[in-house]
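Q: Sending over a structure as structure tokens; questions will come in a sec.
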Amino acid sequence: MKLTADWRRVLKRAWSVRLMVFAALLSGAETALPFLGNSIEPGRLAGLSALATAGAFVARILAQKDMEDEK
């Protein structure tokens, strides 16, 4: 594996990265559910996390307008 030269730009603009961070936040919230009470149905955050991860996968393989290689 090789780190891209513009990795900072990728972290700021890539939708795949944004969706992976969102999925991680949802997973953390799922872990904290017992402390939050019964305000959210069990499994709902896990489902949203799965959708965000699937979206990150799709965003990773699609060409993103703001992320095209500059030549």
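Simple scheme: letters A, B, ... for chains in structure tokens order, numbers from 1 for residues in each chain, numbers from 1 for ligands in the order shown.
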As number ranges by chain, please: all residues of chain A that backbone DSSP puts in helix (DSSP H, G or I).
A: A: 7-13, 15-36, 44-61, 65-67
Q: I'd like the contact shell of stretch 31-48 of chain A - 12 Å cut-off, only C-alpha atoms, skipping same-chain residues fewer than 6 positions apart - returned as a PyMOL selection string.
A: chain A and resi 19-20+22-25+54-55
